[in-house]
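One structure below.
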Amino acid sequence: MALVLNLNDYKAPQLEVDFGFKKVSVTLTDETTSKMSAFTVDANKMLEKADKLTDNELAKLSREDAKKRLESVLGDARDLLEGAFDELFNKPGLGAELYNRLGKSTVSLAKVFSRVNDEVSDANQRKEDQKLNRYNRRHNNSKKK
């Protein structure tokens with residue numbers, strides 16, 4: 001008995017995202033998935049840092065210093081997220097364009113990134129589920145013979 005595998009059934013899934021103004025796609029390799037996870041962790045840390053800037057803390061600063069502090073924290077997160085979109089989809093400028101189309105909101109950019117990250121996780125899980133289902137069907141059919 002020989003096992004014949006169609007390798008196309010096992011290839012890394014492709015994720016296509018339509019942002020309305022541009023369609024992009026990425027193959028969900030191990031590298032892509034780990035980059036996505038790393039970007040998500042870093043972005044969440046930066047956004048938490050922004051959230052931790054309390055009114056009391058900012059009130060102790062001059063208006064100008066408070067503004068600079070908040071802009072610095074949000075700017076770091078925005079730079080990271082813009083770079084993540086550029087790198088993941090291999091489309092330089094995509095992150096900045098998304099940021100501008102989202103009304104220059106870092107929080108909105110983070111929400112879009114989170115949604116893409118959720119879809120990456122779901123696509124990877126679907127692919128694993130498909131492989132498991134194929135294996136179980138083959139394995140169960142072998143037992144019946």
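Note on naming: chains are A, B, ... as they come in the structure tokens, residues start from 1 per chain, ligands start from 1 in the order shown.
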
Spatial neighbours of range 109-123 of chain A, 12 Å, only C-alpha atoms, chain gap at least 6 places, as a VMD selection string: chain A and resid 12 to 19 24 to 30 32 to 48 74 to 75 77 to 86 88 to 89 94 to 103 129 to 130

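Of all the residues in chain A, the ones DSSP labels as strand (DSSP E or B) from the backbone are Gln14, Leu15, Glu16, Val17, Asp18, Lys23, Val24, Ser25, Val26 and Thr27 of chain A.
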
Produce a file of the selected residues containing all heavy atoms, as a compact mmCIF listing (two decimals), in the first residue's frame.
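Written file, part.txt:
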```
# COMPACT_ATOMS: atom_id res chain seq x y z
N GLN A 14 -3.48 31.12 2.29
CA GLN A 14 -3.30 32.48 1.79
C GLN A 14 -4.41 33.33 2.38
O GLN A 14 -5.57 32.93 2.37
CB GLN A 14 -3.40 32.46 0.26
CG GLN A 14 -3.06 33.75 -0.44
CD GLN A 14 -1.56 33.91 -0.65
OE1 GLN A 14 -0.80 33.00 -0.45
NE2 GLN A 14 -1.16 35.10 -1.03
N LEU A 15 -4.05 34.49 2.90
CA LEU A 15 -5.06 35.40 3.43
C LEU A 15 -5.12 36.62 2.52
O LEU A 15 -4.10 37.26 2.26
CB LEU A 15 -4.71 35.86 4.85
CG LEU A 15 -5.64 36.91 5.45
CD1 LEU A 15 -7.03 36.34 5.68
CD2 LEU A 15 -5.07 37.45 6.75
N GLU A 16 -6.31 36.89 2.00
CA GLU A 16 -6.51 38.09 1.19
C GLU A 16 -7.36 39.06 2.00
O GLU A 16 -8.36 38.67 2.59
CB GLU A 16 -7.23 37.74 -0.11
CG GLU A 16 -7.37 38.95 -1.03
CD GLU A 16 -7.99 38.60 -2.36
OE1 GLU A 16 -7.28 38.03 -3.20
OE2 GLU A 16 -9.18 38.91 -2.54
N VAL A 17 -6.92 40.31 2.02
CA VAL A 17 -7.64 41.34 2.75
C VAL A 17 -8.00 42.45 1.76
O VAL A 17 -7.13 42.95 1.05
CB VAL A 17 -6.80 41.93 3.91
CG1 VAL A 17 -7.59 43.00 4.66
CG2 VAL A 17 -6.34 40.84 4.85
N ASP A 18 -9.26 42.81 1.74
CA ASP A 18 -9.73 43.91 0.91
C ASP A 18 -10.03 45.09 1.83
O ASP A 18 -10.98 45.05 2.61
CB ASP A 18 -11.00 43.49 0.15
CG ASP A 18 -11.48 44.55 -0.83
OD1 ASP A 18 -11.00 45.71 -0.76
OD2 ASP A 18 -12.33 44.22 -1.66
N LYS A 23 -6.55 45.73 -2.35
CA LYS A 23 -6.56 44.33 -1.94
C LYS A 23 -5.11 43.89 -1.79
O LYS A 23 -4.28 44.19 -2.64
CB LYS A 23 -7.24 43.45 -2.98
CG LYS A 23 -8.73 43.56 -3.01
CD LYS A 23 -9.33 42.57 -3.99
CE LYS A 23 -10.83 42.75 -4.05
NZ LYS A 23 -11.46 41.82 -4.99
N VAL A 24 -4.85 43.19 -0.70
CA VAL A 24 -3.51 42.67 -0.45
C VAL A 24 -3.66 41.22 0.01
O VAL A 24 -4.72 40.80 0.46
CB VAL A 24 -2.76 43.49 0.62
CG1 VAL A 24 -2.46 44.89 0.11
CG2 VAL A 24 -3.54 43.56 1.92
N SER A 25 -2.58 40.47 -0.12
CA SER A 25 -2.62 39.09 0.35
C SER A 25 -1.27 38.71 0.94
O SER A 25 -0.25 39.34 0.66
CB SER A 25 -3.00 38.15 -0.78
OG SER A 25 -2.01 38.16 -1.78
N VAL A 26 -1.32 37.68 1.75
CA VAL A 26 -0.11 37.19 2.39
C VAL A 26 -0.27 35.68 2.59
O VAL A 26 -1.38 35.20 2.86
CB VAL A 26 0.16 37.91 3.74
CG1 VAL A 26 -0.95 37.67 4.73
CG2 VAL A 26 1.50 37.53 4.33
N THR A 27 0.82 34.96 2.41
CA THR A 27 0.83 33.54 2.70
C THR A 27 1.14 33.38 4.18
O THR A 27 2.09 33.98 4.69
CB THR A 27 1.90 32.81 1.85
OG1 THR A 27 1.60 33.06 0.47
CG2 THR A 27 1.89 31.32 2.11
```

Counting only C-alpha atoms, the residue of A:Ser72, A:Glu128, A:Arg138, A:Thr106 that sits nearest Lys11 in chain A: A:Glu128

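Between CA of Glu31 in chain A and CA of Asn136 in chain A there is a distance of 27.8 Å.
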
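Interatomic distance, CA of Lys49 in chain A to CA of Leu70 in chain A: 9.7 Å.
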
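Note that the spacing between CA of Asn124 in chain A and CA of Asn6 in chain A amounts to 18.6 Å.
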
All helix (DSSP H, G or I) residues (DSSP, backbone) inside chain A, as a VMD selection string: chain A and resid 7 to 10 30 to 52 55 to 59 63 to 89 94 to 101 106 to 144
